[in-house]
Structures are given as C-alpha cells and as structure tokens.
$ cat coords_25.cif   # mmCIF, N, CA and C atoms
data_input
#
loop_
_atom_site.label_atom_id
_atom_site.label_comp_id
_atom_site.auth_asym_id
_atom_site.auth_seq_id
_atom_site.Cartn_x
_atom_site.Cartn_y
_atom_site.Cartn_z
N MET A 349 -83.33 4.73 16.27
CA MET A 349 -82.84 5.70 15.32
C MET A 349 -81.37 5.45 15.01
N LEU A 350 -80.56 5.22 16.05
CA LEU A 350 -79.14 4.95 15.84
C LEU A 350 -78.95 3.71 14.98
N PHE A 351 -79.81 2.70 15.21
CA PHE A 351 -79.72 1.48 14.41
C PHE A 351 -79.94 1.78 12.94
N LEU A 352 -80.93 2.62 12.63
CA LEU A 352 -81.20 2.97 11.24
C LEU A 352 -80.03 3.71 10.62
N LEU A 353 -79.40 4.60 11.37
CA LEU A 353 -78.24 5.31 10.86
C LEU A 353 -77.08 4.36 10.58
N SER A 354 -76.93 3.35 11.43
CA SER A 354 -75.83 2.41 11.23
C SER A 354 -76.03 1.57 9.96
N LEU A 355 -77.29 1.39 9.55
CA LEU A 355 -77.54 0.67 8.31
C LEU A 355 -77.14 1.51 7.10
N ILE A 356 -77.30 2.82 7.22
CA ILE A 356 -76.96 3.72 6.13
C ILE A 356 -75.45 3.83 5.99
N GLN A 357 -74.76 4.09 7.08
CA GLN A 357 -73.31 4.28 7.05
C GLN A 357 -72.68 3.46 8.16
N PRO A 358 -72.38 2.18 7.89
CA PRO A 358 -71.76 1.37 8.95
C PRO A 358 -70.37 1.89 9.28
N LEU A 359 -70.10 1.98 10.55
CA LEU A 359 -68.81 2.44 11.03
C LEU A 359 -67.98 1.23 11.43
N PRO A 360 -66.66 1.32 11.31
CA PRO A 360 -65.84 0.20 11.74
C PRO A 360 -65.98 -0.01 13.24
N VAL A 361 -65.93 -1.26 13.62
CA VAL A 361 -66.04 -1.59 15.03
C VAL A 361 -64.66 -1.98 15.55
N PHE A 362 -64.20 -1.25 16.55
CA PHE A 362 -62.93 -1.56 17.18
C PHE A 362 -63.22 -1.95 18.62
N ALA A 363 -63.56 -3.21 18.81
CA ALA A 363 -63.91 -3.68 20.14
C ALA A 363 -62.64 -4.01 20.92
N GLY A 364 -62.77 -3.94 22.23
CA GLY A 364 -61.66 -4.30 23.08
C GLY A 364 -60.84 -3.09 23.49
N PRO A 365 -59.91 -3.30 24.38
CA PRO A 365 -59.09 -2.19 24.86
C PRO A 365 -58.14 -1.68 23.77
N VAL A 366 -57.86 -0.40 23.81
CA VAL A 366 -56.91 0.16 22.85
C VAL A 366 -55.49 -0.11 23.34
N ASP A 367 -54.60 -0.25 22.40
CA ASP A 367 -53.19 -0.50 22.68
C ASP A 367 -52.39 0.52 21.88
N TRP A 368 -52.41 1.77 22.38
CA TRP A 368 -51.77 2.86 21.65
C TRP A 368 -50.26 2.66 21.59
N GLN A 369 -49.73 2.83 20.38
CA GLN A 369 -48.29 2.76 20.11
C GLN A 369 -47.87 4.14 19.62
N GLU A 370 -47.05 4.84 20.39
CA GLU A 370 -46.63 6.17 19.97
C GLU A 370 -45.44 6.07 19.03
N VAL A 371 -45.47 6.87 17.97
CA VAL A 371 -44.33 6.96 17.08
C VAL A 371 -43.46 8.12 17.56
N VAL A 372 -42.27 8.23 17.02
CA VAL A 372 -41.34 9.28 17.44
C VAL A 372 -41.96 10.65 17.14
N PRO A 373 -42.10 11.50 18.16
CA PRO A 373 -42.69 12.84 17.94
C PRO A 373 -41.83 13.68 17.01
N THR A 374 -42.48 14.63 16.34
CA THR A 374 -41.78 15.58 15.47
C THR A 374 -42.18 16.99 15.90
N SER A 375 -41.65 17.98 15.21
CA SER A 375 -42.01 19.36 15.52
C SER A 375 -43.49 19.63 15.24
N ALA A 376 -44.11 18.80 14.39
CA ALA A 376 -45.54 18.96 14.08
C ALA A 376 -46.42 18.49 15.24
N GLY A 377 -45.95 17.50 16.00
CA GLY A 377 -46.75 16.99 17.11
C GLY A 377 -46.44 15.54 17.42
N ARG A 378 -47.45 14.88 17.98
CA ARG A 378 -47.31 13.48 18.39
C ARG A 378 -48.42 12.67 17.71
N GLN A 379 -48.11 11.40 17.41
CA GLN A 379 -49.11 10.53 16.79
C GLN A 379 -48.97 9.12 17.35
N TRP A 380 -50.13 8.47 17.48
CA TRP A 380 -50.22 7.11 17.98
C TRP A 380 -51.06 6.29 17.02
N TRP A 381 -50.87 4.97 17.04
CA TRP A 381 -51.75 4.06 16.31
C TRP A 381 -52.13 2.95 17.28
N ASP A 382 -53.32 2.39 17.09
CA ASP A 382 -53.85 1.36 17.99
C ASP A 382 -53.57 -0.03 17.42
N LYS A 383 -52.69 -0.73 18.10
CA LYS A 383 -52.28 -2.06 17.68
C LYS A 383 -53.46 -3.02 17.56
N GLY A 384 -54.44 -2.86 18.44
CA GLY A 384 -55.61 -3.75 18.43
C GLY A 384 -56.64 -3.43 17.37
N SER A 385 -56.44 -2.34 16.63
CA SER A 385 -57.45 -1.94 15.64
C SER A 385 -57.12 -2.38 14.22
N LEU A 386 -55.97 -2.99 14.01
CA LEU A 386 -55.60 -3.42 12.66
C LEU A 386 -56.63 -4.40 12.11
N ARG A 387 -57.19 -4.09 10.95
CA ARG A 387 -58.21 -4.91 10.32
C ARG A 387 -58.09 -4.81 8.80
N LEU A 388 -58.72 -5.76 8.12
CA LEU A 388 -58.94 -5.64 6.69
C LEU A 388 -60.40 -5.22 6.52
N ASN A 389 -60.64 -4.16 5.77
CA ASN A 389 -62.02 -3.73 5.56
C ASN A 389 -62.65 -4.54 4.42
N ARG A 390 -63.87 -4.20 4.05
CA ARG A 390 -64.60 -4.95 3.02
C ARG A 390 -63.90 -4.92 1.66
N LYS A 391 -63.10 -3.92 1.43
CA LYS A 391 -62.37 -3.81 0.17
C LYS A 391 -61.03 -4.54 0.23
N GLY A 392 -60.71 -5.13 1.39
CA GLY A 392 -59.44 -5.81 1.56
C GLY A 392 -58.29 -4.88 1.92
N GLU A 393 -58.62 -3.63 2.28
CA GLU A 393 -57.59 -2.66 2.65
C GLU A 393 -57.25 -2.80 4.12
N LEU A 394 -55.99 -2.68 4.44
CA LEU A 394 -55.55 -2.68 5.83
C LEU A 394 -55.95 -1.34 6.44
N THR A 395 -56.62 -1.39 7.59
CA THR A 395 -57.03 -0.16 8.28
C THR A 395 -56.50 -0.15 9.70
N VAL A 396 -56.35 1.07 10.23
CA VAL A 396 -55.85 1.25 11.59
C VAL A 396 -56.45 2.52 12.17
N LEU A 397 -56.67 2.52 13.47
CA LEU A 397 -57.12 3.70 14.19
C LEU A 397 -55.87 4.46 14.64
N SER A 398 -55.87 5.77 14.40
CA SER A 398 -54.73 6.61 14.74
C SER A 398 -55.22 7.89 15.40
N ARG A 399 -54.38 8.47 16.22
CA ARG A 399 -54.71 9.78 16.80
C ARG A 399 -53.51 10.70 16.71
N PHE A 400 -53.82 11.99 16.52
CA PHE A 400 -52.79 12.99 16.34
C PHE A 400 -53.03 14.14 17.31
N SER A 401 -51.96 14.64 17.89
CA SER A 401 -52.02 15.80 18.78
C SER A 401 -50.92 16.76 18.34
N ALA A 402 -51.34 17.97 17.93
CA ALA A 402 -50.39 18.97 17.44
C ALA A 402 -49.52 19.50 18.59
N THR A 403 -48.33 19.96 18.24
CA THR A 403 -47.45 20.61 19.19
C THR A 403 -48.11 21.90 19.67
N PRO A 404 -48.05 22.19 20.97
CA PRO A 404 -48.63 23.45 21.45
C PRO A 404 -48.03 24.65 20.73
N ASP A 405 -48.85 25.70 20.54
CA ASP A 405 -48.35 26.91 19.89
C ASP A 405 -47.45 27.69 20.83
N GLU A 406 -46.99 28.84 20.40
CA GLU A 406 -46.04 29.64 21.19
C GLU A 406 -46.59 30.05 22.54
N SER A 407 -47.91 30.18 22.64
CA SER A 407 -48.51 30.56 23.92
C SER A 407 -48.69 29.36 24.85
N GLY A 408 -48.40 28.16 24.33
CA GLY A 408 -48.56 26.95 25.12
C GLY A 408 -49.92 26.32 24.97
N LYS A 409 -50.78 26.91 24.14
CA LYS A 409 -52.12 26.39 23.93
C LYS A 409 -52.07 25.19 22.98
N THR A 410 -52.71 24.11 23.37
CA THR A 410 -52.73 22.89 22.56
C THR A 410 -54.07 22.79 21.85
N ALA A 411 -54.02 22.52 20.55
CA ALA A 411 -55.24 22.31 19.78
C ALA A 411 -55.83 20.94 20.14
N THR A 412 -57.11 20.81 19.91
CA THR A 412 -57.78 19.53 20.15
C THR A 412 -57.19 18.49 19.21
N GLY A 413 -56.95 17.30 19.72
CA GLY A 413 -56.41 16.22 18.90
C GLY A 413 -57.45 15.68 17.94
N SER A 414 -57.01 14.83 17.04
CA SER A 414 -57.90 14.24 16.04
C SER A 414 -57.73 12.73 16.01
N LEU A 415 -58.84 12.03 15.75
CA LEU A 415 -58.83 10.58 15.57
C LEU A 415 -59.07 10.27 14.11
N TYR A 416 -58.35 9.30 13.59
CA TYR A 416 -58.45 8.92 12.19
C TYR A 416 -58.61 7.42 12.08
N VAL A 417 -59.41 6.98 11.13
CA VAL A 417 -59.36 5.61 10.65
C VAL A 417 -58.68 5.71 9.29
N MET A 418 -57.52 5.11 9.21
CA MET A 418 -56.70 5.21 8.00
C MET A 418 -56.65 3.87 7.29
N ALA A 419 -56.69 3.92 5.95
CA ALA A 419 -56.39 2.75 5.14
C ALA A 419 -54.93 2.88 4.72
N LEU A 420 -54.22 1.76 4.71
CA LEU A 420 -52.79 1.78 4.40
C LEU A 420 -52.49 0.84 3.23
N ASP A 421 -51.66 1.30 2.32
CA ASP A 421 -51.11 0.44 1.28
C ASP A 421 -49.62 0.33 1.60
N CYS A 422 -49.27 -0.78 2.22
CA CYS A 422 -47.91 -0.96 2.73
C CYS A 422 -46.87 -1.02 1.62
N ASP A 423 -47.20 -1.65 0.51
CA ASP A 423 -46.23 -1.81 -0.57
C ASP A 423 -45.95 -0.51 -1.30
N GLU A 424 -46.98 0.29 -1.51
CA GLU A 424 -46.83 1.53 -2.27
C GLU A 424 -46.57 2.75 -1.37
N LYS A 425 -46.61 2.54 -0.05
CA LYS A 425 -46.41 3.63 0.93
C LYS A 425 -47.45 4.74 0.73
N LEU A 426 -48.72 4.31 0.67
CA LEU A 426 -49.85 5.22 0.51
C LEU A 426 -50.78 5.10 1.70
N TYR A 427 -51.56 6.15 1.94
CA TYR A 427 -52.57 6.12 2.99
C TYR A 427 -53.76 6.97 2.54
N LYS A 428 -54.90 6.71 3.16
CA LYS A 428 -56.05 7.59 3.00
C LYS A 428 -56.83 7.58 4.30
N ASP A 429 -57.40 8.74 4.62
CA ASP A 429 -58.20 8.88 5.84
C ASP A 429 -59.64 8.52 5.52
N LEU A 430 -60.10 7.38 6.05
CA LEU A 430 -61.47 6.93 5.82
C LEU A 430 -62.46 7.65 6.73
N GLN A 431 -61.99 8.02 7.93
CA GLN A 431 -62.80 8.77 8.89
C GLN A 431 -61.89 9.74 9.62
N VAL A 432 -62.45 10.91 9.93
CA VAL A 432 -61.75 11.89 10.75
C VAL A 432 -62.70 12.29 11.86
N ASN A 433 -62.30 12.04 13.10
CA ASN A 433 -63.13 12.32 14.27
C ASN A 433 -64.52 11.71 14.13
N GLY A 434 -64.58 10.50 13.58
CA GLY A 434 -65.84 9.76 13.47
C GLY A 434 -66.67 10.09 12.24
N LEU A 435 -66.25 11.08 11.46
CA LEU A 435 -67.00 11.46 10.27
C LEU A 435 -66.41 10.76 9.04
N PRO A 436 -67.23 9.98 8.33
CA PRO A 436 -66.73 9.25 7.16
C PRO A 436 -66.27 10.19 6.05
N LYS A 437 -65.25 9.74 5.32
CA LYS A 437 -64.76 10.45 4.13
C LYS A 437 -64.88 9.47 2.97
N PRO A 438 -66.10 9.32 2.41
CA PRO A 438 -66.34 8.27 1.42
C PRO A 438 -65.54 8.42 0.13
N ARG A 439 -65.08 9.59 -0.20
CA ARG A 439 -64.31 9.79 -1.44
C ARG A 439 -62.85 10.10 -1.16
N ALA A 440 -62.33 9.55 -0.11
CA ALA A 440 -60.92 9.81 0.24
C ALA A 440 -60.00 9.26 -0.83
N ASP A 441 -59.00 10.03 -1.17
CA ASP A 441 -58.01 9.63 -2.17
C ASP A 441 -56.75 9.12 -1.49
N TRP A 442 -56.08 8.18 -2.15
CA TRP A 442 -54.79 7.70 -1.68
C TRP A 442 -53.79 8.84 -1.79
N GLN A 443 -52.95 8.95 -0.77
CA GLN A 443 -51.91 9.98 -0.73
C GLN A 443 -50.56 9.33 -0.46
N LEU A 444 -49.52 9.88 -1.07
CA LEU A 444 -48.16 9.43 -0.77
C LEU A 444 -47.78 9.91 0.62
N VAL A 445 -47.10 9.07 1.37
CA VAL A 445 -46.64 9.47 2.69
C VAL A 445 -45.69 10.66 2.56
N GLY A 446 -44.80 10.61 1.59
CA GLY A 446 -43.90 11.73 1.34
C GLY A 446 -43.09 12.13 2.55
N SER A 447 -43.10 13.42 2.86
CA SER A 447 -42.28 13.95 3.95
C SER A 447 -43.01 14.00 5.28
N GLU A 448 -44.17 13.40 5.37
CA GLU A 448 -44.92 13.40 6.63
C GLU A 448 -44.37 12.30 7.55
N ASP A 449 -43.40 12.67 8.37
CA ASP A 449 -42.69 11.69 9.19
C ASP A 449 -43.60 10.91 10.13
N LEU A 450 -44.58 11.57 10.73
CA LEU A 450 -45.47 10.88 11.67
C LEU A 450 -46.27 9.81 10.94
N ILE A 451 -46.85 10.15 9.81
CA ILE A 451 -47.64 9.18 9.06
C ILE A 451 -46.76 8.08 8.51
N ALA A 452 -45.56 8.42 8.06
CA ALA A 452 -44.62 7.41 7.56
C ALA A 452 -44.32 6.39 8.64
N GLU A 453 -44.13 6.85 9.86
CA GLU A 453 -43.82 5.93 10.96
C GLU A 453 -45.04 5.10 11.35
N VAL A 454 -46.22 5.70 11.33
CA VAL A 454 -47.45 4.94 11.59
C VAL A 454 -47.59 3.84 10.55
N LEU A 455 -47.38 4.18 9.29
CA LEU A 455 -47.49 3.20 8.21
C LEU A 455 -46.47 2.08 8.40
N GLU A 456 -45.23 2.44 8.66
CA GLU A 456 -44.17 1.43 8.82
C GLU A 456 -44.47 0.47 9.98
N GLN A 457 -44.81 1.04 11.14
CA GLN A 457 -45.06 0.19 12.31
C GLN A 457 -46.33 -0.63 12.15
N SER A 458 -47.38 -0.02 11.61
CA SER A 458 -48.65 -0.74 11.43
C SER A 458 -48.48 -1.88 10.43
N CYS A 459 -47.77 -1.63 9.35
CA CYS A 459 -47.56 -2.66 8.34
C CYS A 459 -46.73 -3.82 8.89
N ALA A 460 -45.72 -3.50 9.69
CA ALA A 460 -44.91 -4.55 10.31
C ALA A 460 -45.77 -5.41 11.23
N GLU A 461 -46.62 -4.77 12.03
CA GLU A 461 -47.50 -5.52 12.94
C GLU A 461 -48.52 -6.33 12.14
N ALA A 462 -49.06 -5.75 11.07
CA ALA A 462 -50.02 -6.48 10.23
C ALA A 462 -49.37 -7.73 9.63
N SER A 463 -48.11 -7.60 9.22
CA SER A 463 -47.40 -8.77 8.69
C SER A 463 -47.26 -9.84 9.75
N SER A 464 -46.94 -9.43 10.99
CA SER A 464 -46.77 -10.42 12.06
C SER A 464 -48.10 -11.08 12.43
N GLN A 465 -49.21 -10.41 12.16
CA GLN A 465 -50.53 -10.98 12.43
C GLN A 465 -51.10 -11.74 11.22
N GLY A 466 -50.35 -11.73 10.11
CA GLY A 466 -50.82 -12.41 8.90
C GLY A 466 -51.85 -11.62 8.11
N LEU A 467 -52.03 -10.36 8.41
CA LEU A 467 -53.05 -9.56 7.72
C LEU A 467 -52.58 -9.10 6.34
N ARG A 468 -51.33 -8.84 6.16
CA ARG A 468 -50.85 -8.35 4.86
C ARG A 468 -50.95 -9.42 3.80
N GLU A 469 -50.60 -10.65 4.13
CA GLU A 469 -50.69 -11.72 3.16
C GLU A 469 -52.15 -11.92 2.74
N ALA A 470 -53.07 -11.81 3.71
CA ALA A 470 -54.50 -12.00 3.39
C ALA A 470 -54.98 -10.89 2.47
N SER A 471 -54.47 -9.68 2.63
CA SER A 471 -54.93 -8.57 1.81
C SER A 471 -54.44 -8.69 0.37
N LYS A 472 -53.40 -9.46 0.13
CA LYS A 472 -52.86 -9.62 -1.22
C LYS A 472 -53.51 -10.80 -1.95
N ALA A 473 -54.29 -11.60 -1.23
CA ALA A 473 -54.91 -12.79 -1.84
C ALA A 473 -56.04 -12.40 -2.77
#
$ encode --input "coords_25.cif" --output "structure tokens"
Amino acid sequence: MLFLLSLIQPLPVFAGPVDWQEVVPTSAGRQWWDKGSLRLNRKGELTVLSRFSATPDESGKTATGSLYVMALDCDEKLYKDLQVNGLPKPRADWQLVGSEDLIAEVLEQSCAEASSQGLREASKA
C-alpha cells in the first residue's frame, strides 16, 4: 500500500545522517537547515530540509516544531514551502524573504553551501 502511495505522490528522499546547521535565533524562535539535504528537484529548484521551533510562550510552554522542505531561489531571494511536516503543498507560491530573519539566514547559508557544492551553477544550466 505504501508503495502505491509513493507512486502517486513521490516524496523527496534525504538519505544519510542529518547535519543540522542552526541560524542565529530571533525572538520568533530557532531554525535549522540540513546541510546534507541540499538537492535539485525535478524542476531544477534548489531544495533544503529545514526545521523551526517557536520561542516558548510566557508560561514557558513550547509549541511543537515544524519540518519543511523548502525550494530556494538564491538570486531573487525567494522561497516556497514544498512540504510542511511531511504533507505536500503542490500549489505553493514563491514568497519574498522580506523581514523574516530566520528564513533569510537559511536562504543565505543554504545558497552559499549549494554554491560550494556546485549545485547553483547546475540549476542555472
């Protein structure tokens, strides 16, 4: 049954150990990106696995964190969430990073690493 589902909606495969890179925390929370997950998808978009954990509220209660598969446009400083907590978002729209410091830092660091791995040049071909 799982095999049949995978034929309908293939999920990205991120094999191997994760190599979480934390960006500078903000008042909104903390965010990490997985250095080992950088890939070009079928559309030639740079993708990365990211996780977010919100800052605890005034009572000290922490909300459950979220996992994202994000597509990044390094040149235009855009991103879109392709998956959130494993659920595909097939009609995700590109968004400007704008004032979202955590996402801006994920984009900057991920794009720099993608360049060092030769992934950005391949995505422009």
$ atom_distance --input "coords_25.cif" --atom1 "atom N of Val371 in chain A" --atom2 "atom N of Leu450 in chain A"
8.7 Å
$ atom_distance --input "coords_25.cif" --atom1 "atom C of Ser401 in chain A" --atom2 "atom C of Pro373 in chain A"
9.7 Å
$ select_by_dssp --input "coords_25.cif" --residues "range 372-456 of chain A" --states "helix (DSSP H, G or I)" --output "number ranges by chain"
A: 383-385, 449-456
$ atom_distance --input "coords_25.cif" --atom1 "CA of Glu453 in chain A" --atom2 "atom N of Gln379 in chain A"
9.5 Å
$ resolve_selection --input "coords_25.cif" --expression "the PyMOL selection byres (((chain A and resi 441 and name CA) around 10) and name CA)" --output "list of chain:residue names"
A:Leu426, A:Tyr427, A:Lys428, A:Asp429, A:Leu430, A:Lys437, A:Pro438, A:Arg439, A:Ala440, A:Trp442, A:Gln443, A:Leu444
$ residues_near_point --input "coords_25.cif" --point "(-55.3, 1.3, 22.6)" --cutoff "7 Å" --atoms "only C-alpha atoms" --output "list in words"
Pro365, Val366, Asp367, Trp368, Asp382, Lys383 and Gly384 of chain A
$ residues_around --input "coords_25.cif" --residues "Pro404 in chain A" --least-positions-apart "4" --cutoff "8 Å" --atoms "all atoms listed in the file" --output "list in words"
Ser375, Ala376, Gly377, Arg378, Gly408, Lys409, Thr410 and Ala411 of chain A
$ write_last_selection --input "coords_25.cif" --atoms "N, CA and C atoms" --output "PDB file, in the coordinates of the input"
ATOM      1  N   SER A 375     -41.650  17.980  15.210  1.00  0.00           N
ATOM      2  CA  SER A 375     -42.010  19.360  15.520  1.00  0.00           C
ATOM      3  C   SER A 375     -43.490  19.630  15.240  1.00  0.00           C
ATOM      4  N   ALA A 376     -44.110  18.800  14.390  1.00  0.00           N
ATOM      5  CA  ALA A 376     -45.540  18.960  14.080  1.00  0.00           C
ATOM      6  C   ALA A 376     -46.420  18.490  15.240  1.00  0.00           C
ATOM      7  N   GLY A 377     -45.950  17.500  16.000  1.00  0.00           N
ATOM      8  CA  GLY A 377     -46.750  16.990  17.110  1.00  0.00           C
ATOM      9  C   GLY A 377     -46.440  15.540  17.420  1.00  0.00           C
ATOM     10  N   ARG A 378     -47.450  14.880  17.980  1.00  0.00           N
ATOM     11  CA  ARG A 378     -47.310  13.480  18.390  1.00  0.00           C
ATOM     12  C   ARG A 378     -48.420  12.670  17.710  1.00  0.00           C
ATOM     13  N   GLY A 408     -48.400  28.160  24.330  1.00  0.00           N
ATOM     14  CA  GLY A 408     -48.560  26.950  25.120  1.00  0.00           C
ATOM     15  C   GLY A 408     -49.920  26.320  24.970  1.00  0.00           C
ATOM     16  N   LYS A 409     -50.780  26.910  24.140  1.00  0.00           N
ATOM     17  CA  LYS A 409     -52.120  26.390  23.930  1.00  0.00           C
ATOM     18  C   LYS A 409     -52.070  25.190  22.980  1.00  0.00           C
ATOM     19  N   THR A 410     -52.710  24.110  23.370  1.00  0.00           N
ATOM     20  CA  THR A 410     -52.730  22.890  22.560  1.00  0.00           C
ATOM     21  C   THR A 410     -54.070  22.790  21.850  1.00  0.00           C
ATOM     22  N   ALA A 411     -54.020  22.520  20.550  1.00  0.00           N
ATOM     23  CA  ALA A 411     -55.240  22.310  19.780  1.00  0.00           C
ATOM     24  C   ALA A 411     -55.830  20.940  20.140  1.00  0.00           C
TER      25      ALA A 411
END
$ closest_residue --input "coords_25.cif" --among "A:Val445, A:Leu388, A:Leu394, A:Ala462" --to "Met418 in chain A" --atoms "only N, CA and C atoms"
A:Leu394
$ residues_around --input "coords_25.cif" --residues "Thr395 in chain A" --least-positions-apart "4" --cutoff "9 Å" --atoms "only C-alpha atoms" --output "number ranges by chain"
A: 385-389, 417-420, 430, 458
$ closest_residue --input "coords_25.cif" --among "A:Ser398, A:Trp381, A:Ser414, A:Asp421" --to "Gln369 in chain A" --atoms "all atoms listed in the file"
A:Trp381
$ axis_aligned_box --input "coords_25.cif" --around "range 373-384 of chain A" --padding-each-side "5 Å" --output "JSON"
{"center_x": -49.1, "center_y": 7.9, "center_z": 16.3, "size_x": 25.0, "size_y": 33.4, "size_z": 14.4}
$ closest_residue --input "coords_25.cif" --among "A:Glu456, A:Tyr416, A:Ile451, A:Glu370" --to "Gln431 in chain A" --atoms "all atoms listed in the file"
A:Tyr416
$ closest_residue --input "coords_25.cif" --among "A:Asn433, A:Lys425, A:Gln465, A:Ala460" --to "Gly413 in chain A" --atoms "only C-alpha atoms"
A:Asn433
$ select_by_dssp --input "coords_25.cif" --residues "chain A" --states "strand (DSSP E or B)" --output "PyMOL selection string"
chain A and resi 368-370+374+377-382+387-388+394-402+414-421+426-432+435-436+443-444
$ closest_residue --input "coords_25.cif" --among "A:Cys459, A:Leu467, A:Asp449, A:Leu397" --to "Trp380 in chain A" --atoms "all atoms listed in the file"
A:Leu397
$ decode --input "coords_25.cif" --residues "range 426-445 of chain A" --atoms "N, CA and C atoms" --output "compact mmCIF listing (two decimals), in the first residue's frame"
# COMPACT_ATOMS: atom_id res chain seq x y z
N LEU A 426 13.91 34.34 -2.91
CA LEU A 426 12.56 33.80 -2.78
C LEU A 426 12.61 32.41 -2.19
N TYR A 427 11.51 31.98 -1.58
CA TYR A 427 11.39 30.62 -1.08
C TYR A 427 9.94 30.17 -1.21
N LYS A 428 9.75 28.86 -1.20
CA LYS A 428 8.41 28.31 -1.09
C LYS A 428 8.50 27.00 -0.32
N ASP A 429 7.47 26.73 0.47
CA ASP A 429 7.42 25.51 1.26
C ASP A 429 6.76 24.43 0.43
N LEU A 430 7.56 23.43 0.02
CA LEU A 430 7.04 22.33 -0.79
C LEU A 430 6.34 21.28 0.07
N GLN A 431 6.81 21.14 1.32
CA GLN A 431 6.20 20.22 2.28
C GLN A 431 6.28 20.85 3.65
N VAL A 432 5.24 20.61 4.45
CA VAL A 432 5.23 21.04 5.84
C VAL A 432 4.86 19.82 6.67
N ASN A 433 5.76 19.41 7.56
CA ASN A 433 5.57 18.22 8.38
C ASN A 433 5.20 17.00 7.55
N GLY A 434 5.83 16.87 6.39
CA GLY A 434 5.64 15.71 5.53
C GLY A 434 4.45 15.80 4.59
N LEU A 435 3.64 16.84 4.71
CA LEU A 435 2.47 16.99 3.85
C LEU A 435 2.81 17.89 2.66
N PRO A 436 2.65 17.38 1.44
CA PRO A 436 2.99 18.16 0.25
C PRO A 436 2.11 19.40 0.11
N LYS A 437 2.70 20.45 -0.45
CA LYS A 437 1.98 21.68 -0.78
C LYS A 437 2.16 21.90 -2.28
N PRO A 438 1.38 21.18 -3.10
CA PRO A 438 1.62 21.19 -4.55
C PRO A 438 1.43 22.54 -5.22
N ARG A 439 0.69 23.44 -4.64
CA ARG A 439 0.47 24.76 -5.24
C ARG A 439 1.16 25.87 -4.47
N ALA A 440 2.27 25.56 -3.87
CA ALA A 440 3.00 26.57 -3.08
C ALA A 440 3.48 27.70 -3.99
N ASP A 441 3.32 28.91 -3.51
CA ASP A 441 3.76 30.09 -4.25
C ASP A 441 5.11 30.58 -3.71
N TRP A 442 5.89 31.17 -4.61
CA TRP A 442 7.14 31.80 -4.21
C TRP A 442 6.82 33.00 -3.33
N GLN A 443 7.61 33.17 -2.28
CA GLN A 443 7.43 34.29 -1.36
C GLN A 443 8.76 35.01 -1.19
N LEU A 444 8.69 36.33 -1.05
CA LEU A 444 9.89 37.11 -0.73
C LEU A 444 10.30 36.83 0.69
N VAL A 445 11.59 36.72 0.93
CA VAL A 445 12.08 36.51 2.28
C VAL A 445 11.68 37.70 3.15
